[in-house]
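**Q** One file: query_36.pdb (PDB, C-alpha atoms).
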MODEL        1
ATOM      1  CA  MET A   1       0.000   0.000   0.000
ATOM      2  CA  THR A   2       1.395   3.381  -0.990
ATOM      3  CA  LYS A   3       0.616   6.793   0.443
ATOM      4  CA  SER A   4      -1.903   7.510  -2.343
ATOM      5  CA  GLU A   5      -3.639   4.157  -1.737
ATOM      6  CA  LEU A   6      -3.781   4.949   1.966
ATOM      7  CA  ILE A   7      -5.396   8.299   1.126
ATOM      8  CA  GLU A   8      -7.973   6.553  -1.107
ATOM      9  CA  ARG A   9      -8.837   4.017   1.573
ATOM     10  CA  ILE A  10      -9.344   6.674   4.232
ATOM     11  CA  ALA A  11     -11.384   8.824   1.818
ATOM     12  CA  ALA A  12     -13.619   5.824   1.054
ATOM     13  CA  ARG A  13     -14.470   5.589   4.750
ATOM     14  CA  GLN A  14     -14.914   9.363   5.216
ATOM     15  CA  ALA A  15     -17.724  10.196   2.767
ATOM     16  CA  GLN A  16     -18.277  13.719   4.139
ATOM     17  CA  LEU A  17     -14.696  14.833   3.413
ATOM     18  CA  LEU A  18     -13.178  15.682   0.044
ATOM     19  CA  ALA A  19     -10.310  13.451  -1.122
ATOM     20  CA  LYS A  20      -8.184  16.598  -1.226
ATOM     21  CA  ASP A  21      -8.772  17.234   2.480
ATOM     22  CA  VAL A  22      -7.879  13.645   3.327
ATOM     23  CA  GLU A  23      -4.695  13.975   1.295
ATOM     24  CA  LEU A  24      -3.761  17.132   3.169
ATOM     25  CA  ALA A  25      -4.573  15.466   6.493
ATOM     26  CA  VAL A  26      -2.386  12.432   5.740
ATOM     27  CA  LYS A  27       0.508  14.665   4.721
ATOM     28  CA  THR A  28       0.050  16.788   7.840
ATOM     29  CA  ILE A  29       0.109  13.697  10.081
ATOM     30  CA  MET A  30       3.308  12.428   8.425
ATOM     31  CA  GLU A  31       4.962  15.822   8.694
ATOM     32  CA  HIS A  32       3.967  16.077  12.358
ATOM     33  CA  MET A  33       5.552  12.675  13.006
ATOM     34  CA  SER A  34       8.772  13.501  11.112
ATOM     35  CA  GLN A  35       9.054  16.853  12.878
ATOM     36  CA  THR A  36       8.602  15.216  16.270
ATOM     37  CA  LEU A  37      11.415  12.720  15.642
ATOM     38  CA  ALA A  38      13.657  15.421  14.168
ATOM     39  CA  GLN A  39      13.260  17.293  17.498
ATOM     40  CA  GLY A  40      14.350  14.229  19.440
ATOM     41  CA  SER A  41      10.897  13.346  20.787
ATOM     42  CA  ARG A  42       9.048  10.038  20.755
ATOM     43  CA  ILE A  43       5.742   9.072  19.141
ATOM     44  CA  GLU A  44       3.432   6.712  21.032
ATOM     45  CA  ILE A  45       0.370   5.239  19.340
ATOM     46  CA  ARG A  46      -1.451   2.731  21.504
ATOM     47  CA  GLY A  47      -2.153  -0.530  19.682
ATOM     48  CA  PHE A  48       0.133   0.461  16.824
ATOM     49  CA  GLY A  49       3.574   1.078  18.263
ATOM     50  CA  SER A  50       6.120   3.677  19.225
ATOM     51  CA  PHE A  51       8.822   5.552  17.350
ATOM     52  CA  SER A  52      11.961   6.749  19.068
ATOM     53  CA  LEU A  53      15.548   7.638  18.257
ATOM     54  CA  HIS A  54      18.429   5.233  18.664
ATOM     55  CA  TYR A  55      21.959   6.534  19.015
ATOM     56  CA  ARG A  56      24.730   5.288  16.744
ATOM     57  CA  ALA A  57      28.185   5.829  18.226
ATOM     58  CA  PRO A  58      30.876   7.601  16.200
ATOM     59  CA  ARG A  59      32.983   5.199  14.151
ATOM     60  CA  ILE A  60      35.814   5.076  11.669
ATOM     61  CA  GLY A  61      34.431   4.510   8.198
ATOM     62  CA  ARG A  62      36.256   3.878   4.965
ATOM     63  CA  ASN A  63      35.840   5.428   1.576
ATOM     64  CA  PRO A  64      35.102   2.326  -0.539
ATOM     65  CA  LYS A  65      36.751   3.889  -3.611
ATOM     66  CA  THR A  66      40.028   5.087  -2.109
ATOM     67  CA  GLY A  67      40.225   2.882   0.995
ATOM     68  CA  GLU A  68      40.897   6.041   2.982
ATOM     69  CA  SER A  69      39.708   6.186   6.628
ATOM     70  CA  VAL A  70      37.136   8.816   7.567
ATOM     71  CA  GLY A  71      35.869   9.637  11.027
ATOM     72  CA  LEU A  72      32.058   9.451  11.164
ATOM     73  CA  ALA A  73      30.308  11.427  13.883
ATOM     74  CA  GLY A  74      27.737   9.842  16.210
ATOM     75  CA  LYS A  75      24.162  10.171  14.958
ATOM     76  CA  TYR A  76      20.562   9.273  15.666
ATOM     77  CA  VAL A  77      18.436   6.900  13.620
ATOM     78  CA  PRO A  78      14.637   6.470  13.785
ATOM     79  CA  HIS A  79      13.437   3.246  15.420
ATOM     80  CA  PHE A  80       9.966   1.674  15.434
ATOM     81  CA  LYS A  81       8.731  -0.828  18.005
ATOM     82  CA  PRO A  82       5.422  -2.442  17.007
ATOM     83  CA  GLY A  83       2.737  -2.478  19.693
ATOM     84  CA  LYS A  84       1.071  -5.641  20.931
ATOM     85  CA  ASP A  85      -2.103  -5.269  18.874
ATOM     86  CA  LEU A  86      -0.121  -4.779  15.651
ATOM     87  CA  ARG A  87       2.217  -7.676  16.489
ATOM     88  CA  ASP A  88      -0.680 -10.006  17.206
ATOM     89  CA  ARG A  89      -2.697  -9.046  14.152
ATOM     90  CA  VAL A  90       0.255  -9.395  11.788
ATOM     91  CA  ASN A  91       1.318 -12.668  13.299
ATOM     92  CA  GLY A  92      -2.236 -14.055  13.457
ATOM     93  CA  ALA A  93      -2.553 -13.493   9.734
ATOM     94  CA  ALA A  94       0.767 -15.268   9.195
ATOM     95  CA  THR A  95      -0.313 -18.260  11.251
ATOM     96  CA  ASP A  96      -3.547 -18.571   9.253
ATOM     97  CA  ALA A  97      -1.674 -18.288   5.952
ATOM     98  CA  ALA A  98       0.791 -20.958   7.029
ATOM     99  CA  HIS A  99      -2.054 -23.478   7.182
ATOM    100  CA  HIS A 100      -2.969 -22.761   3.582
ATOM    101  CA  ASP A 101       0.307 -22.473   1.722
ATOM    102  CA  GLY A 102       3.011 -23.402   4.190
ATOM    103  CA  ALA A 103       5.396 -21.010   5.917
ATOM    104  CA  GLN A 104       7.422 -19.115   3.369
ATOM    105  CA  ASP A 105      10.719 -17.425   3.882
ATOM    106  CA  ARG A 106      11.292 -14.122   2.188
TER     107      ARG A 106
ATOM    108  CA  MET G   1       9.224  17.115  25.665
ATOM    109  CA  SER G   2       6.476  14.510  26.018
ATOM    110  CA  ALA G   3       5.667  11.923  23.356
ATOM    111  CA  LEU G   4       3.429  12.706  20.391
ATOM    112  CA  THR G   5       0.049  10.970  20.608
ATOM    113  CA  LYS G   6      -3.042  10.634  18.404
ATOM    114  CA  ALA G   7      -4.797  13.399  20.352
ATOM    115  CA  GLN G   8      -2.085  15.915  19.453
ATOM    116  CA  MET G   9      -2.155  14.853  15.805
ATOM    117  CA  ALA G  10      -5.919  15.430  15.742
ATOM    118  CA  ASP G  11      -5.445  18.852  17.376
ATOM    119  CA  ARG G  12      -3.054  19.841  14.631
ATOM    120  CA  LEU G  13      -5.534  18.804  11.898
ATOM    121  CA  PHE G  14      -8.137  20.920  13.666
ATOM    122  CA  GLU G  15      -5.827  23.931  13.974
ATOM    123  CA  GLU G  16      -4.057  23.791  10.612
ATOM    124  CA  LEU G  17      -6.681  22.367   8.267
ATOM    125  CA  GLY G  18      -9.856  23.516   9.990
ATOM    126  CA  LEU G  19     -11.332  20.012  10.143
ATOM    127  CA  ASN G  20     -13.859  19.699  12.934
ATOM    128  CA  LYS G  21     -12.643  17.852  16.010
ATOM    129  CA  ARG G  22     -14.631  14.701  15.286
ATOM    130  CA  GLU G  23     -13.371  14.472  11.689
ATOM    131  CA  ALA G  24      -9.811  15.147  12.806
ATOM    132  CA  LYS G  25      -9.978  12.398  15.398
ATOM    133  CA  GLU G  26     -11.507   9.934  12.913
ATOM    134  CA  ILE G  27      -8.864  10.585  10.262
ATOM    135  CA  VAL G  28      -6.013  10.013  12.698
ATOM    136  CA  GLU G  29      -7.712   6.816  13.849
ATOM    137  CA  LEU G  30      -8.220   5.639  10.245
ATOM    138  CA  PHE G  31      -4.628   6.469   9.317
ATOM    139  CA  PHE G  32      -3.226   3.969  11.808
ATOM    140  CA  GLU G  33      -6.046   1.477  11.352
ATOM    141  CA  GLU G  34      -5.530   1.309   7.572
ATOM    142  CA  VAL G  35      -1.763   0.841   7.965
ATOM    143  CA  ARG G  36      -2.423  -1.961  10.472
ATOM    144  CA  ALA G  37      -5.026  -3.562   8.185
ATOM    145  CA  ALA G  38      -2.629  -3.518   5.211
ATOM    146  CA  LEU G  39       0.108  -5.185   7.271
ATOM    147  CA  GLU G  40      -2.411  -7.721   8.546
ATOM    148  CA  ARG G  41      -3.276  -8.571   4.904
ATOM    149  CA  GLY G  42       0.431  -9.152   4.327
ATOM    150  CA  ASP G  43       0.793  -5.934   2.369
ATOM    151  CA  GLN G  44       3.960  -3.801   2.737
ATOM    152  CA  VAL G  45       3.226  -0.108   3.449
ATOM    153  CA  LYS G  46       5.278   2.557   1.675
ATOM    154  CA  LEU G  47       4.871   6.117   2.921
ATOM    155  CA  SER G  48       7.218   8.139   0.761
ATOM    156  CA  GLY G  49       8.986  10.867   2.701
ATOM    157  CA  PHE G  50       8.587   8.908   5.934
ATOM    158  CA  GLY G  51       9.446   5.238   5.511
ATOM    159  CA  ASN G  52       8.335   1.695   4.739
ATOM    160  CA  PHE G  53       6.713  -0.858   6.999
ATOM    161  CA  ASP G  54       7.895  -4.274   5.827
ATOM    162  CA  LEU G  55       6.894  -7.785   6.837
ATOM    163  CA  ARG G  56       9.414 -10.479   7.624
ATOM    164  CA  GLU G  57       8.902 -14.172   8.176
ATOM    165  CA  LYS G  58      10.966 -15.457  11.075
ATOM    166  CA  GLY G  59      11.664 -19.154  11.397
ATOM    167  CA  GLU G  60      11.397 -21.041  14.666
ATOM    168  CA  ARG G  61      14.413 -20.543  16.916
ATOM    169  CA  PRO G  62      15.496 -21.831  20.298
ATOM    170  CA  GLY G  63      14.498 -19.696  23.253
ATOM    171  CA  ARG G  64      14.616 -19.869  27.007
ATOM    172  CA  ASN G  65      12.277 -18.923  29.794
ATOM    173  CA  PRO G  66      14.353 -16.242  31.539
ATOM    174  CA  LYS G  67      12.821 -17.080  34.932
ATOM    175  CA  THR G  68      13.152 -20.852  34.970
ATOM    176  CA  GLY G  69      15.976 -21.291  32.453
ATOM    177  CA  GLU G  70      13.820 -23.882  30.726
ATOM    178  CA  GLU G  71      14.355 -24.245  26.975
ATOM    179  CA  ILE G  72      11.283 -23.521  24.856
ATOM    180  CA  PRO G  73      11.301 -22.940  21.104
ATOM    181  CA  ILE G  74      10.172 -19.511  19.859
ATOM    182  CA  THR G  75       7.632 -20.370  17.181
ATOM    183  CA  ALA G  76       7.852 -19.149  13.572
ATOM    184  CA  ARG G  77       6.163 -15.774  13.178
ATOM    185  CA  ARG G  78       5.602 -12.821  10.937
ATOM    186  CA  VAL G  79       6.947  -9.494  12.221
ATOM    187  CA  VAL G  80       6.766  -5.846  11.165
ATOM    188  CA  THR G  81       9.939  -3.877  10.585
ATOM    189  CA  PHE G  82      10.212  -0.165   9.840
ATOM    190  CA  ARG G  83      12.758   1.183   7.368
ATOM    191  CA  PRO G  84      12.967   4.967   7.592
ATOM    192  CA  GLY G  85      13.169   6.781   4.266
ATOM    193  CA  GLN G  86      16.196   8.878   3.305
ATOM    194  CA  LYS G  87      14.372  12.140   3.991
ATOM    195  CA  LEU G  88      13.440  11.138   7.549
ATOM    196  CA  LYS G  89      16.921   9.708   8.204
ATOM    197  CA  THR G  90      18.539  12.944   7.128
ATOM    198  CA  ARG G  91      16.245  15.027   9.332
ATOM    199  CA  VAL G  92      16.790  12.816  12.371
ATOM    200  CA  GLU G  93      20.543  12.532  11.870
ATOM    201  CA  ALA G  94      20.799  16.284  12.232
ATOM    202  CA  TYR G  95      19.313  16.135  15.749
ATOM    203  CA  ALA G  96      21.946  17.525  18.083
ATOM    204  CA  GLY G  97      19.915  18.357  21.196
ATOM    205  CA  PRO G  98      20.027  16.603  24.557
ATOM    206  CA  ARG G  99      20.159  12.804  24.485
ATOM    207  CA  PRO G 100      16.553  11.540  24.123
ATOM    208  CA  GLU G 101      15.378   9.135  26.799
TER     209      GLU G 101
ENDMDL
END
Now that the file is in, can you turn its structure into structure tokens?

**A**
Amino acid sequence: MTKSELIERIAARQAQLLAKDVELAVKTIMEHMSQTLAQGSRIEIRGFGSFSLHYRAPRIGRNPKTGESVGLAGKYVPHFKPGKDLRDRVNGAATDAAHHDGAQDR
Amino acid sequence: MSALTKAQMADRLFEELGLNKREAKEIVELFFEEVRAALERGDQVKLSGFGNFDLREKGERPGRNPKTGEEIPITARRVVTFRPGQKLKTRVEAYAGPRPE
């Protein structure tokens, strides 16, 4: 599912709103989330999961072309931890599917 | 700063887009519900500018009850992973404030 498909699905369930408003709302939500993480704050959505920042220590990297060493500063990376409801629903679907076509590795 | 929640997202839709409070709350609810439903269907979710929610099949592996030390296998399962997009990574990387908790 892409962002535009997500917008269509929400619009289909929100008959009183124009698709354009839903599109703007989805973009606003995503921007709010990105902004929050960029400020070093967490996002907590019950039943879905939480987003936080994980620290990556400074390290010595290497330029793959020249083999030269470069010092890389410490940085933060976004991290998502799925909530229980999401974990259970995703895994429940997997367990059901496994009965039909066997567990598949991807 | 405290964590961002659905209520604050709805407030912003009310303030910035002029949606009424009920609509704002419903859209935020639907946003997360539709992402969850897609993942439940086994569908990857790609939100360009933010990141992708992928599904991974994990095989059974040996585990242990941390209390009793008893060995119990961890069953095969499907899990969600999040891969932040380049735009989000770049914005977050630039964070230089106090260490988040």

**Q** Which residues of stretch 3-99 of chain G sit at most 12 Å from stretch 10-13 of chain A, using all atoms listed in the file? Give each one's shortest atom pair and distance in Å (one decimal place), in chain and ascending residue order, as a tab-separated table.

**A**
residue	atom	partner	partner_atom	distance
G:Glu23	CA	A:Arg13	CA	11.3
G:Glu26	CA	A:Ile10	CA	9.5
G:Ile27	CA	A:Ile10	CA	7.2
G:Val28	CA	A:Ile10	CA	9.7
G:Glu29	CA	A:Ile10	CA	9.8
G:Leu30	CA	A:Ile10	CA	6.2
G:Phe31	CA	A:Ile10	CA	6.9
G:Phe32	CA	A:Ile10	CA	10.1
G:Glu33	CA	A:Ile10	CA	9.4
G:Glu34	CA	A:Ile10	CA	7.4
G:Val35	CA	A:Ile10	CA	10.3
G:Ala37	CA	A:Ile10	CA	11.8

**Q** Mind dumping the selected residues with C-alpha atoms as a PDB file, in the coordinates of the input?

**A**
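So the final result, stored in out_0.pdb, reads:
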ATOM      1  CA  GLU G  23     -13.371  14.472  11.689  1.00  0.00           C
ATOM      2  CA  GLU G  26     -11.507   9.934  12.913  1.00  0.00           C
ATOM      3  CA  ILE G  27      -8.864  10.585  10.262  1.00  0.00           C
ATOM      4  CA  VAL G  28      -6.013  10.013  12.698  1.00  0.00           C
ATOM      5  CA  GLU G  29      -7.712   6.816  13.849  1.00  0.00           C
ATOM      6  CA  LEU G  30      -8.220   5.639  10.245  1.00  0.00           C
ATOM      7  CA  PHE G  31      -4.628   6.469   9.317  1.00  0.00           C
ATOM      8  CA  PHE G  32      -3.226   3.969  11.808  1.00  0.00           C
ATOM      9  CA  GLU G  33      -6.046   1.477  11.352  1.00  0.00           C
ATOM     10  CA  GLU G  34      -5.530   1.309   7.572  1.00  0.00           C
ATOM     11  CA  VAL G  35      -1.763   0.841   7.965  1.00  0.00           C
ATOM     12  CA  ALA G  37      -5.026  -3.562   8.185  1.00  0.00           C
TER      13      ALA G  37
END

**Q** Show which residues sit within 12 Å of G:Lys21, as a list of chain:residue names. Count all atoms listed in the file, and ignore same-chain residues fewer than 6 positions away.

**A**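 Residues near the query, excluding close chain neighbours: G:Ala7, G:Gln8, G:Met9, G:Ala10, G:Asp11, G:Arg12, G:Leu13, G:Phe14, G:Glu15, G:Ile27, G:Val28.
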
**Q** On this structure, the PyMOL selection byres ((chain G) within 6 of (chain A)) would catch which residues? List them as a list of chain:residue names, sorted by chain and number.

**A**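 Checking the PyMOL selection byres ((chain G) within 6 of (chain A)) against this file, the residues are G:Ala3, G:Leu4, G:Thr5, G:Glu40, G:Val45, G:Lys46, G:Leu47, G:Glu57, G:Arg77, G:Arg78, G:Phe82, G:Arg91, G:Val92, G:Glu93, G:Tyr95, G:Pro100.
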
**Q** What is the distance between atom CA of G:Phe53 and atom CA of G:Val79, in Å to one decimal?

**A** 10.1 Å

**Q** Work out how far apart atom CA of A:Arg59 and atom CA of A:Leu72 are and give it in Å to one decimal.

**A** 5.3 Å

**Q** What is the distance between atom CA of G:Leu88 and atom CA of G:Asn52, in Å to one decimal?

**A**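 The value is 11.1 Å.
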
**Q** Each side padded by 6 Å, which centre and which edge lengths in Å (one decimal) define the axis-aligned box around the listed atoms of stretch 77-95 of chain G? Give them as lines of an AutoDock Vina configuration file.

**A**
center_x = 13.2
center_y = 0.3
center_z = 9.5
size_x = 27.2
size_y = 44.1
size_z = 24.4

**Q** Pull out stretch 78-95 of chain G, keep N, CA and C atoms, and write it as a PDB file, in the first residue's frame.

**A**
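Result file is selection.pdb:
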ATOM      1  N   ARG G  78       5.440 -13.941  11.872  1.00  0.00           N
ATOM      2  CA  ARG G  78       5.602 -12.821  10.937  1.00  0.00           C
ATOM      3  C   ARG G  78       5.713 -11.547  11.760  1.00  0.00           C
ATOM      4  N   VAL G  79       6.728 -10.728  11.457  1.00  0.00           N
ATOM      5  CA  VAL G  79       6.947  -9.494  12.221  1.00  0.00           C
ATOM      6  C   VAL G  79       7.003  -8.271  11.303  1.00  0.00           C
ATOM      7  N   VAL G  80       6.706  -7.117  11.894  1.00  0.00           N
ATOM      8  CA  VAL G  80       6.766  -5.846  11.165  1.00  0.00           C
ATOM      9  C   VAL G  80       8.109  -5.183  11.426  1.00  0.00           C
ATOM     10  N   THR G  81       8.747  -4.694  10.381  1.00  0.00           N
ATOM     11  CA  THR G  81       9.939  -3.877  10.585  1.00  0.00           C
ATOM     12  C   THR G  81       9.719  -2.536   9.892  1.00  0.00           C
ATOM     13  N   PHE G  82      10.332  -1.496  10.426  1.00  0.00           N
ATOM     14  CA  PHE G  82      10.212  -0.165   9.840  1.00  0.00           C
ATOM     15  C   PHE G  82      11.541   0.246   9.255  1.00  0.00           C
ATOM     16  N   ARG G  83      11.551   0.649   7.999  1.00  0.00           N
ATOM     17  CA  ARG G  83      12.758   1.183   7.368  1.00  0.00           C
ATOM     18  C   ARG G  83      12.530   2.649   7.067  1.00  0.00           C
ATOM     19  N   PRO G  84      13.170   3.533   7.835  1.00  0.00           N
ATOM     20  CA  PRO G  84      12.967   4.967   7.592  1.00  0.00           C
ATOM     21  C   PRO G  84      13.443   5.348   6.202  1.00  0.00           C
ATOM     22  N   GLY G  85      12.758   6.278   5.577  1.00  0.00           N
ATOM     23  CA  GLY G  85      13.169   6.781   4.266  1.00  0.00           C
ATOM     24  C   GLY G  85      14.352   7.739   4.409  1.00  0.00           C
ATOM     25  N   GLN G  86      14.999   8.026   3.287  1.00  0.00           N
ATOM     26  CA  GLN G  86      16.196   8.878   3.305  1.00  0.00           C
ATOM     27  C   GLN G  86      15.898  10.262   3.890  1.00  0.00           C
ATOM     28  N   LYS G  87      14.723  10.797   3.540  1.00  0.00           N
ATOM     29  CA  LYS G  87      14.372  12.140   3.991  1.00  0.00           C
ATOM     30  C   LYS G  87      14.262  12.193   5.519  1.00  0.00           C
ATOM     31  N   LEU G  88      13.590  11.186   6.087  1.00  0.00           N
ATOM     32  CA  LEU G  88      13.440  11.138   7.549  1.00  0.00           C
ATOM     33  C   LEU G  88      14.797  10.896   8.210  1.00  0.00           C
ATOM     34  N   LYS G  89      15.591   9.991   7.634  1.00  0.00           N
ATOM     35  CA  LYS G  89      16.921   9.708   8.204  1.00  0.00           C
ATOM     36  C   LYS G  89      17.769  10.965   8.270  1.00  0.00           C
ATOM     37  N   THR G  90      17.737  11.720   7.178  1.00  0.00           N
ATOM     38  CA  THR G  90      18.539  12.944   7.128  1.00  0.00           C
ATOM     39  C   THR G  90      18.072  13.943   8.177  1.00  0.00           C
ATOM     40  N   ARG G  91      16.764  14.067   8.339  1.00  0.00           N
ATOM     41  CA  ARG G  91      16.245  15.027   9.332  1.00  0.00           C
ATOM     42  C   ARG G  91      16.605  14.623  10.754  1.00  0.00           C
ATOM     43  N   VAL G  92      16.538  13.311  11.022  1.00  0.00           N
ATOM     44  CA  VAL G  92      16.790  12.816  12.371  1.00  0.00           C
ATOM     45  C   VAL G  92      18.287  12.858  12.705  1.00  0.00           C
ATOM     46  N   GLU G  93      19.098  12.537  11.703  1.00  0.00           N
ATOM     47  CA  GLU G  93      20.543  12.532  11.870  1.00  0.00           C
ATOM     48  C   GLU G  93      21.046  13.881  12.355  1.00  0.00           C
ATOM     49  N   ALA G  94      20.370  14.934  11.905  1.00  0.00           N
ATOM     50  CA  ALA G  94      20.799  16.284  12.232  1.00  0.00           C
ATOM     51  C   ALA G  94      20.464  16.666  13.671  1.00  0.00           C
ATOM     52  N   TYR G  95      19.689  15.800  14.370  1.00  0.00           N
ATOM     53  CA  TYR G  95      19.313  16.135  15.749  1.00  0.00           C
ATOM     54  C   TYR G  95      20.558  16.212  16.619  1.00  0.00           C
TER      55      TYR G  95
END
